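Here's structure-v5.txt, which has compact mmCIF, C-alpha atoms:
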```
# COMPACT_ATOMS: atom_id res chain seq x y z
CA MET A 15 5.69 -28.01 -97.15
CA PRO A 16 3.03 -27.44 -99.79
CA ALA A 17 0.34 -24.84 -99.38
CA PRO A 18 -2.20 -25.82 -96.73
CA ASP A 19 -5.21 -27.71 -97.95
CA PRO A 20 -7.65 -25.07 -99.18
CA ASN A 21 -10.70 -25.55 -97.09
CA PRO A 22 -11.58 -29.21 -97.44
CA SER A 23 -14.71 -29.06 -95.31
CA SER A 24 -16.71 -26.29 -96.90
CA PRO A 25 -18.69 -27.30 -99.95
CA HIS A 26 -20.59 -24.00 -99.96
CA PRO A 27 -19.30 -20.86 -101.63
CA PRO A 28 -18.97 -17.81 -99.42
CA SER A 29 -22.47 -16.60 -99.99
CA GLY A 30 -23.27 -14.94 -96.68
CA ASN A 31 -25.52 -17.80 -95.62
CA ALA A 32 -26.47 -17.39 -91.99
CA GLY A 33 -24.50 -19.61 -89.69
CA GLY A 34 -21.82 -20.53 -92.18
CA VAL A 35 -18.14 -19.77 -92.52
CA THR A 36 -15.55 -20.34 -95.20
CA VAL A 37 -11.82 -20.36 -94.49
CA GLN A 38 -9.52 -20.17 -97.48
CA ALA A 39 -5.77 -20.73 -97.10
CA GLU A 40 -3.54 -18.64 -99.37
CA GLN A 41 0.21 -18.77 -99.76
CA HIS A 42 1.90 -15.36 -100.13
CA GLY A 43 5.60 -16.02 -100.49
CA ASP A 44 6.59 -17.58 -97.16
CA ALA A 45 3.54 -16.21 -95.43
CA VAL A 46 0.18 -17.94 -95.14
CA ALA A 47 -3.10 -16.05 -95.07
CA LEU A 48 -6.33 -17.57 -93.83
CA VAL A 49 -9.13 -15.61 -95.42
CA VAL A 50 -12.28 -16.00 -93.36
CA THR A 51 -15.71 -15.24 -94.81
CA GLY A 52 -19.02 -15.46 -93.01
CA GLU A 53 -19.85 -15.84 -89.34
CA LEU A 54 -17.51 -16.91 -86.57
CA ASP A 55 -19.56 -18.25 -83.69
CA MET A 56 -19.25 -21.31 -81.47
CA LEU A 57 -20.66 -23.47 -84.23
CA THR A 58 -18.28 -22.41 -86.98
CA THR A 59 -15.07 -21.50 -85.12
CA PRO A 60 -13.75 -25.10 -85.03
CA LYS A 61 -13.25 -24.76 -88.79
CA LEU A 62 -10.89 -21.85 -88.26
CA ASP A 63 -9.10 -23.70 -85.45
CA GLU A 64 -8.56 -26.62 -87.81
CA MET A 65 -7.17 -24.40 -90.57
CA VAL A 66 -4.85 -22.63 -88.13
CA THR A 67 -3.49 -25.96 -86.93
CA THR A 68 -2.88 -27.06 -90.51
CA ALA A 69 -1.21 -23.78 -91.44
CA LEU A 70 1.07 -23.76 -88.39
CA ARG A 71 2.34 -27.24 -89.24
CA GLY A 72 4.40 -25.62 -91.98
CA THR A 73 5.87 -23.07 -89.53
CA PRO A 74 5.38 -20.06 -91.81
CA PRO A 75 7.17 -16.92 -90.59
CA VAL A 76 3.88 -15.03 -90.80
CA LEU A 77 0.32 -16.26 -90.44
CA VAL A 78 -2.36 -13.68 -91.27
CA ILE A 79 -5.95 -14.29 -90.23
CA ASP A 80 -8.02 -12.04 -92.45
CA LEU A 81 -11.42 -11.21 -90.95
CA THR A 82 -12.37 -8.64 -93.59
CA GLY A 83 -15.21 -10.83 -94.82
CA VAL A 84 -16.49 -11.73 -91.37
CA THR A 85 -20.00 -10.46 -90.72
CA PHE A 86 -20.39 -11.73 -87.16
CA LEU A 87 -17.65 -12.30 -84.58
CA ALA A 88 -18.51 -13.98 -81.29
CA SER A 89 -16.20 -14.56 -78.34
CA ALA A 90 -15.62 -18.09 -79.65
CA GLY A 91 -14.01 -16.62 -82.76
CA MET A 92 -11.88 -14.29 -80.66
CA ALA A 93 -10.71 -17.28 -78.66
CA ALA A 94 -9.49 -18.87 -81.88
CA LEU A 95 -7.36 -15.80 -82.61
CA VAL A 96 -5.72 -15.90 -79.19
CA SER A 97 -5.23 -19.66 -79.44
CA ALA A 98 -3.56 -19.21 -82.81
CA GLN A 99 -1.12 -16.72 -81.34
CA GLN A 100 -0.31 -19.07 -78.46
CA ALA A 101 0.07 -22.10 -80.71
CA ALA A 102 2.32 -20.20 -83.11
CA GLY A 103 5.03 -19.77 -80.52
CA GLU A 104 8.16 -17.83 -81.41
CA ASN A 105 8.64 -19.06 -84.96
CA THR A 106 5.45 -17.67 -86.45
CA THR A 107 4.06 -14.16 -86.14
CA VAL A 108 0.27 -14.10 -86.12
CA ARG A 109 -1.44 -11.02 -87.52
CA VAL A 110 -5.11 -10.20 -87.79
CA VAL A 111 -6.89 -8.13 -90.41
CA ALA A 112 -10.04 -6.50 -89.05
CA THR A 113 -11.69 -3.35 -90.25
CA GLY A 114 -15.41 -3.93 -90.51
CA ARG A 115 -17.92 -2.78 -87.93
CA ALA A 116 -18.74 -6.43 -87.22
CA THR A 117 -15.22 -7.17 -85.99
CA ALA A 118 -13.10 -4.16 -85.07
CA ARG A 119 -15.34 -2.80 -82.33
CA SER A 120 -15.76 -6.13 -80.56
CA LEU A 121 -12.01 -6.75 -80.61
CA GLN A 122 -11.50 -3.37 -78.95
CA VAL A 123 -14.20 -4.02 -76.35
CA VAL A 124 -12.36 -7.04 -74.99
CA GLY A 125 -8.91 -5.50 -75.42
CA LEU A 126 -7.72 -7.90 -78.10
CA ASP A 127 -6.54 -4.96 -80.19
CA GLU A 128 -3.78 -4.64 -77.60
CA GLN A 129 -2.92 -8.34 -77.57
CA LEU A 130 -2.84 -9.00 -81.28
CA PRO A 131 -1.35 -7.01 -84.13
CA ILE A 132 -4.40 -5.81 -86.05
CA HIS A 133 -4.05 -4.44 -89.57
CA PRO A 134 -6.53 -2.66 -91.83
CA SER A 135 -5.88 -4.84 -94.89
CA LEU A 136 -4.29 -8.11 -95.94
CA ASP A 137 -1.69 -6.26 -98.02
CA GLU A 138 -0.60 -4.20 -95.02
CA ALA A 139 -0.49 -7.25 -92.78
CA LEU A 140 1.74 -9.06 -95.31
CA ALA A 141 3.95 -6.02 -95.81
CA ALA A 142 4.50 -5.38 -92.10
CA GLY A 143 8.02 -6.24 -90.97
CA ARG A 144 8.78 -9.62 -89.50
CA MET B 23 -39.18 -28.79 -83.73
CA CYS B 24 -37.06 -25.77 -83.17
CA PRO B 25 -37.29 -22.88 -82.79
CA ALA B 26 -40.71 -22.98 -81.20
CA ARG B 27 -42.50 -19.80 -81.97
CA TYR B 28 -44.59 -18.16 -79.31
CA ALA B 29 -45.06 -14.70 -80.69
CA THR B 30 -43.64 -12.86 -83.61
CA ASP B 31 -45.98 -9.93 -83.82
CA VAL B 32 -43.34 -7.61 -85.19
CA PRO B 33 -42.65 -4.93 -84.24
CA ALA B 34 -43.90 -5.53 -80.72
CA ARG B 35 -42.16 -8.68 -79.61
CA LEU B 36 -40.44 -11.92 -80.44
CA HIS B 37 -40.57 -14.99 -78.22
CA LEU B 38 -38.76 -18.19 -79.12
CA ARG B 39 -37.90 -21.33 -77.22
CA CYS B 40 -35.40 -24.03 -78.15
CA ALA B 41 -33.33 -26.85 -76.84
CA ALA B 42 -30.04 -25.38 -75.64
CA HIS B 43 -27.85 -26.47 -78.56
CA ALA B 44 -25.22 -24.38 -80.31
CA ARG B 45 -27.00 -24.64 -83.65
CA HIS B 46 -30.21 -23.32 -82.13
CA ALA B 47 -28.39 -20.35 -80.61
CA THR B 48 -27.28 -19.52 -84.15
CA GLU B 49 -30.86 -19.90 -85.43
CA LEU B 50 -32.27 -17.69 -82.69
CA ARG B 51 -29.61 -15.09 -83.44
CA GLY B 52 -30.79 -15.05 -87.05
CA GLU B 53 -34.41 -14.62 -85.99
CA LEU B 54 -33.43 -11.82 -83.62
CA ALA B 55 -31.43 -10.05 -86.32
CA GLU B 56 -34.40 -10.21 -88.67
CA TRP B 57 -36.69 -8.87 -85.97
CA SER B 58 -34.40 -5.96 -85.14
CA ARG B 59 -34.09 -5.15 -88.85
CA GLY B 60 -37.87 -5.05 -89.03
CA LEU B 61 -37.89 -2.46 -86.27
CA GLY B 62 -35.65 -0.18 -88.30
CA LEU B 63 -33.09 0.10 -85.51
CA PRO B 64 -29.76 1.78 -86.25
CA GLU B 65 -27.18 -0.61 -87.67
CA GLN B 66 -24.82 -0.28 -84.72
CA THR B 67 -27.61 -1.09 -82.26
CA ARG B 68 -28.58 -4.14 -84.31
CA ASP B 69 -24.97 -5.36 -84.30
CA ALA B 70 -24.72 -4.84 -80.55
CA ILE B 71 -28.01 -6.69 -79.94
CA ALA B 72 -26.91 -9.61 -82.12
CA ILE B 73 -23.56 -10.06 -80.39
CA ALA B 74 -24.67 -9.47 -76.78
CA ALA B 75 -27.74 -11.71 -77.12
CA TYR B 76 -25.67 -14.41 -78.81
CA GLU B 77 -23.07 -14.35 -76.03
CA ALA B 78 -25.84 -14.71 -73.44
CA MET B 79 -27.24 -17.67 -75.39
CA ALA B 80 -23.76 -19.16 -75.77
CA ASN B 81 -23.45 -19.07 -71.97
CA VAL B 82 -26.68 -21.03 -71.68
CA VAL B 83 -25.53 -23.60 -74.23
CA THR B 84 -22.10 -23.98 -72.65
CA HIS B 85 -22.70 -23.59 -68.94
CA ALA B 86 -26.34 -23.82 -67.86
CA TYR B 87 -26.91 -27.54 -67.97
CA PRO B 88 -24.84 -30.55 -66.94
CA ALA B 89 -23.23 -32.45 -69.80
CA GLY B 90 -25.55 -34.98 -71.37
CA THR B 91 -28.77 -33.22 -70.42
CA ILE B 92 -30.93 -31.20 -72.76
CA GLY B 93 -32.20 -27.95 -71.32
CA VAL B 94 -34.27 -25.04 -72.47
CA LEU B 95 -33.01 -21.88 -74.12
CA GLU B 96 -35.51 -19.05 -74.32
CA LEU B 97 -35.27 -15.74 -76.13
CA HIS B 98 -37.66 -12.88 -75.63
CA ALA B 99 -37.26 -9.54 -77.37
CA SER B 100 -39.61 -6.61 -77.08
CA ARG B 101 -39.91 -3.06 -78.25
CA GLN B 102 -40.16 -0.67 -75.32
CA ALA B 103 -41.24 2.95 -75.27
CA ASP B 104 -37.65 4.12 -75.16
CA GLY B 105 -35.76 1.22 -76.68
CA VAL B 106 -35.44 -2.53 -76.87
CA ALA B 107 -35.27 -5.28 -74.25
CA VAL B 108 -33.84 -8.71 -74.94
CA ILE B 109 -34.21 -11.46 -72.36
CA VAL B 110 -32.27 -14.72 -72.54
CA SER B 111 -33.27 -17.32 -69.99
CA ASP B 112 -32.68 -20.92 -69.03
CA ARG B 113 -33.85 -23.39 -66.39
CA GLY B 114 -30.36 -24.29 -65.32
CA ARG B 115 -27.82 -23.05 -62.87
CA TRP B 116 -25.60 -19.99 -63.15
CA ARG B 117 -21.98 -20.75 -62.52
CA THR B 118 -19.69 -17.98 -61.45
CA PRO B 119 -16.92 -17.74 -64.01
CA PRO B 120 -13.49 -18.71 -62.68
CA ALA B 121 -11.11 -15.87 -61.84
CA GLU B 122 -8.60 -17.22 -64.35
CA PRO B 123 -10.80 -18.51 -67.14
CA GLY B 124 -7.98 -19.37 -69.53
CA ILE B 125 -7.30 -17.90 -72.94
CA ARG B 126 -10.35 -19.36 -74.69
CA HIS B 127 -12.93 -18.16 -72.21
CA GLY B 128 -13.99 -15.12 -70.26
CA ARG B 129 -14.84 -12.71 -73.10
CA GLY B 130 -18.59 -13.30 -73.29
CA LEU B 131 -19.60 -11.32 -70.21
CA PRO B 132 -17.38 -8.32 -70.99
CA LEU B 133 -18.95 -8.22 -74.46
CA ILE B 134 -22.45 -8.43 -73.00
CA HIS B 135 -21.79 -5.57 -70.61
CA ALA B 136 -19.94 -3.37 -73.07
CA LEU B 137 -22.35 -3.73 -75.97
CA SER B 138 -25.62 -3.29 -74.08
CA ASP B 139 -26.78 -0.12 -72.42
CA ARG B 140 -27.80 -2.18 -69.41
CA ALA B 141 -27.25 -5.83 -68.56
CA GLU B 142 -28.79 -7.55 -65.59
CA ILE B 143 -28.13 -11.16 -64.67
CA ARG B 144 -30.61 -12.69 -62.28
CA CYS B 145 -29.94 -16.12 -60.85
CA ALA B 146 -32.64 -18.14 -59.13
CA ASP B 147 -33.34 -21.77 -58.37
CA ALA B 148 -35.64 -21.84 -61.38
CA GLY B 149 -32.90 -20.68 -63.74
CA THR B 150 -30.90 -17.70 -64.93
CA THR B 151 -32.30 -14.67 -66.71
CA VAL B 152 -30.14 -12.18 -68.56
CA THR B 153 -31.95 -8.95 -69.37
CA LEU B 154 -30.31 -6.65 -71.89
CA THR B 155 -31.64 -3.24 -72.76
CA TRP B 156 -30.80 -0.64 -75.34
CA GLN B 157 -32.04 2.92 -75.43
CA VAL B 158 -33.24 3.97 -78.85
CA ASP B 159 -34.59 7.45 -79.21
CA GLY B 160 -36.44 8.25 -82.39
CA ALA B 161 -34.70 7.55 -85.66
CA GLY B 162 -31.05 7.98 -84.71
CA GLY B 163 -29.16 7.66 -81.44
CA GLY B 164 -28.86 4.30 -79.83
CA HIS B 165 -25.72 2.50 -79.04
```
Can the structure from this file be put into C-alpha cells for me?
Amino acid sequence: MPAPDPNPSSPHPPSGNAGGVTVQAEQHGDAVALVVTGELDMLTTPKLDEMVTTALRGTPPVLVIDLTGVTFLASAGMAALVSAQQAAGENTTVRVVATGRATARSLQVVGLDEQLPIHPSLDEALAAGR
Amino acid sequence: MCPARYATDVPARLHLRCAAHARHATELRGELAEWSRGLGLPEQTRDAIAIAAYEAMANVVTHAYPAGTIGVLELHASRQADGVAVIVSDRGRWRTPPAEPGIRHGRGLPLIHALSDRAEIRCADAGTTVTLTWQVDGAGGGH
C-alpha cells in the first residue's frame, strides 16, 4: 500500500486561517502520522475522519494523530480521535500527540487522556513500543 | 447576511445573531475570540470561553431545530463587574441527552461545565438559553 494521499482536499497552506484545518499524512517506516494543523471543530473534523479512514485502509501497525499544530479542539474533534481508535481495531495502535494549551487541557477535562495514549511529541509517539 | 451585528461596543458587549448553521457557529466563535482579546482577558480564560461557547453553539446547531428547518442562533457576551458572561440562545427545544450517547457524542456538556466557572441551562417554550460566566479579577486570576 502506498503512502496515503497527502491531503487532497486542502488547497490552502496551514496558515492559521480561522475555521480551517490541514491534515497531512506522513509515512514513518511502517507507521503513519496524520499531522493536523489549524482548528478541529464540527465544520473541519470530517476532513480528519476522511484521512483516518484512508490511513487505516493500509492497516499500519501504528497510526499517530499529531495535534501539536491544533489551535482549537472542539468535542467534534475529540470524537474523531475516539472513532479512529475504534475503527483501528486490534491491528493498528492509535496514538495521539497533544501538548498545547488548546488541546491537552480539554482532553483531560473529558477523560480522553485515560482512553487514548497521549504523547508529548511525534518522535516519542513513533518511538513508543508497539 | 450573517452574522447580524447588534452591538459591538467593545469592551462592554457583543451581540450577534445568525442562522443556526455550523459555519456560522465557527464565525461567531471567531468574533467572540476577537472580543475577548480586546478585553485583555488572560489567555486561559479566553481559551475556555472559546471552547465552552462553541460547544453551546454546536448544541444549538445540532440539536435545537428539527432537520430541514432553519433556526436562530444568538450569541451575547458582556463584560461584568467581576468577570464575563456569555449567553448562547436559540428558539428551539432542548433535548435531554441520551444516557448512552455513543462514542461520538456526549462531550460537549462536560466541556461546558468544566471550562466555565458557572454554567446555567434554562429551557423554556420559547427556546433554550445557556448562560456561562467566568470570574476575572483584575489583571490576573480567572480560569
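Here CA of Val50 in chain A stands at a distance of 29.6 Å from CA of Leu154 in chain B.
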Worksheet entry | Pro131 in chain A surroundings by all atoms listed in the file, 7 Å radius, close-in-sequence under 4 positions cut, as an MDAnalysis selection string | chainID A and resid 109:110 127
Practice prompt. Restrict the distance test to all atoms listed in the file, flag each residue of chain A within 10 Å of chain B, and return the flagged residues as a PyMOL selection string.
Written response: chain A and resi 32-34+53+55-58+85-97+100+115-116+119-126
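Between CA of Leu50 in chain B and CA of Val49 in chain A the separation is 26.5 Å.
When all atoms listed in the file are used to compute distances to His42 in chain A, the closest of the residues A:Glu128, A:Glu104, A:Asp137, A:Asp63 turns out to be A:Asp137.
Relative to CA of Gln41 in chain A, CA of Thr67 in chain A is found at 15.2 Å.
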Worksheet entry | For Ala118 in chain A, the nearest of the candidates A:Leu140, A:Asp44, A:Leu81, A:Met65, counting only C-alpha atoms | A:Leu81
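Using all atoms listed in the file for every distance, the candidate list A:Val66, A:Val78, A:Ala112, A:Ala98 yields A:Val78 as the residue closest to Val46 in chain A.
Distances to Val158 in chain B were evaluated for B:Thr118, B:Ser138, B:Thr91, B:Asn81 using all atoms listed in the file, and the minimum falls at B:Ser138.
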Worksheet entry | Residue among A:Ile79, A:Val84, A:Leu136, A:Ala142 lying closest to Val35 in chain A, counting all atoms listed in the file | A:Val84
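Considering the residues A:Thr82, A:Thr68, A:Thr107, A:Thr59 and counting all atoms listed in the file, Ala39 in chain A has its shortest atom-to-atom contact with A:Thr68.
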Discussion item. I'd like the contact shell of Thr73 in chain A - 8 Å cut-off, all atoms listed in the file, skipping same-chain residues fewer than 6 positions apart - returned as a ChimeraX atom specification.
Written reply: /A:102,105-106
How about completing range 90-101 of chain A with all heavy atoms and giving it to me as an mmCIF file, keeping the file's coordinate frame?
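Writing done, so here's part_8.cif:
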```
data_model
loop_
_atom_site.group_PDB
_atom_site.id
_atom_site.type_symbol
_atom_site.label_atom_id
_atom_site.label_comp_id
_atom_site.auth_asym_id
_atom_site.auth_seq_id
_atom_site.Cartn_x
_atom_site.Cartn_y
_atom_site.Cartn_z
ATOM 1 N N ALA A 90 -16.244 -16.829 -79.225
ATOM 2 C CA ALA A 90 -15.620 -18.090 -79.650
ATOM 3 C C ALA A 90 -14.587 -17.831 -80.747
ATOM 4 O O ALA A 90 -13.496 -18.402 -80.743
ATOM 5 C CB ALA A 90 -16.687 -19.060 -80.139
ATOM 6 N N GLY A 91 -14.933 -16.959 -81.678
ATOM 7 C CA GLY A 91 -14.010 -16.620 -82.760
ATOM 8 C C GLY A 91 -12.788 -15.875 -82.237
ATOM 9 O O GLY A 91 -11.663 -16.092 -82.711
ATOM 10 N N MET A 92 -13.013 -15.005 -81.251
ATOM 11 C CA MET A 92 -11.880 -14.290 -80.660
ATOM 12 C C MET A 92 -10.932 -15.262 -79.967
ATOM 13 O O MET A 92 -9.722 -15.107 -80.013
ATOM 14 C CB MET A 92 -12.397 -13.284 -79.624
ATOM 15 C CG MET A 92 -13.285 -12.226 -80.231
ATOM 16 S SD MET A 92 -13.883 -11.140 -78.933
ATOM 17 C CE MET A 92 -15.019 -10.164 -79.901
ATOM 18 N N ALA A 93 -11.527 -16.279 -79.332
ATOM 19 C CA ALA A 93 -10.710 -17.280 -78.660
ATOM 20 C C ALA A 93 -9.793 -17.984 -79.654
ATOM 21 O O ALA A 93 -8.641 -18.296 -79.348
ATOM 22 C CB ALA A 93 -11.608 -18.287 -77.946
ATOM 23 N N ALA A 94 -10.299 -18.204 -80.857
ATOM 24 C CA ALA A 94 -9.490 -18.870 -81.880
ATOM 25 C C ALA A 94 -8.280 -18.013 -82.262
ATOM 26 O O ALA A 94 -7.204 -18.542 -82.532
ATOM 27 C CB ALA A 94 -10.346 -19.163 -83.116
ATOM 28 N N LEU A 95 -8.475 -16.687 -82.273
ATOM 29 C CA LEU A 95 -7.360 -15.800 -82.610
ATOM 30 C C LEU A 95 -6.268 -15.878 -81.548
ATOM 31 O O LEU A 95 -5.073 -15.968 -81.853
ATOM 32 C CB LEU A 95 -7.841 -14.350 -82.724
ATOM 33 C CG LEU A 95 -8.973 -14.064 -83.712
ATOM 34 C CD1 LEU A 95 -9.357 -12.593 -83.671
ATOM 35 C CD2 LEU A 95 -8.571 -14.473 -85.120
ATOM 36 N N VAL A 96 -6.688 -15.841 -80.286
ATOM 37 C CA VAL A 96 -5.720 -15.900 -79.190
ATOM 38 C C VAL A 96 -5.031 -17.263 -79.156
ATOM 39 O O VAL A 96 -3.818 -17.354 -78.950
ATOM 40 C CB VAL A 96 -6.414 -15.597 -77.844
ATOM 41 C CG1 VAL A 96 -5.431 -15.688 -76.700
ATOM 42 C CG2 VAL A 96 -7.055 -14.217 -77.880
ATOM 43 N N SER A 97 -5.811 -18.308 -79.401
ATOM 44 C CA SER A 97 -5.230 -19.660 -79.440
ATOM 45 C C SER A 97 -4.195 -19.770 -80.537
ATOM 46 O O SER A 97 -3.148 -20.407 -80.362
ATOM 47 C CB SER A 97 -6.317 -20.698 -79.690
ATOM 48 O OG SER A 97 -7.123 -20.846 -78.566
ATOM 49 N N ALA A 98 -4.492 -19.156 -81.680
ATOM 50 C CA ALA A 98 -3.560 -19.210 -82.810
ATOM 51 C C ALA A 98 -2.235 -18.559 -82.420
ATOM 52 O O ALA A 98 -1.160 -19.087 -82.703
ATOM 53 C CB ALA A 98 -4.167 -18.512 -84.022
ATOM 54 N N GLN A 99 -2.338 -17.427 -81.748
ATOM 55 C CA GLN A 99 -1.120 -16.720 -81.340
ATOM 56 C C GLN A 99 -0.309 -17.582 -80.365
ATOM 57 O O GLN A 99 0.920 -17.654 -80.456
ATOM 58 C CB GLN A 99 -1.485 -15.385 -80.699
ATOM 59 C CG GLN A 99 -0.292 -14.470 -80.524
ATOM 60 C CD GLN A 99 -0.652 -13.206 -79.773
ATOM 61 O OE1 GLN A 99 -1.443 -13.229 -78.831
ATOM 62 N NE2 GLN A 99 -0.082 -12.088 -80.175
ATOM 63 N N GLN A 100 -0.999 -18.220 -79.438
ATOM 64 C CA GLN A 100 -0.310 -19.070 -78.460
ATOM 65 C C GLN A 100 0.333 -20.272 -79.144
ATOM 66 O O GLN A 100 1.475 -20.620 -78.871
ATOM 67 C CB GLN A 100 -1.317 -19.564 -77.426
ATOM 68 C CG GLN A 100 -1.932 -18.439 -76.615
ATOM 69 C CD GLN A 100 -1.390 -18.374 -75.205
ATOM 70 O OE1 GLN A 100 -1.113 -19.403 -74.624
ATOM 71 N NE2 GLN A 100 -1.242 -17.179 -74.685
ATOM 72 N N ALA A 101 -0.425 -20.886 -80.047
ATOM 73 C CA ALA A 101 0.070 -22.100 -80.710
ATOM 74 C C ALA A 101 1.240 -21.785 -81.638
ATOM 75 O O ALA A 101 2.082 -22.635 -81.889
ATOM 76 C CB ALA A 101 -1.066 -22.751 -81.494
#
```
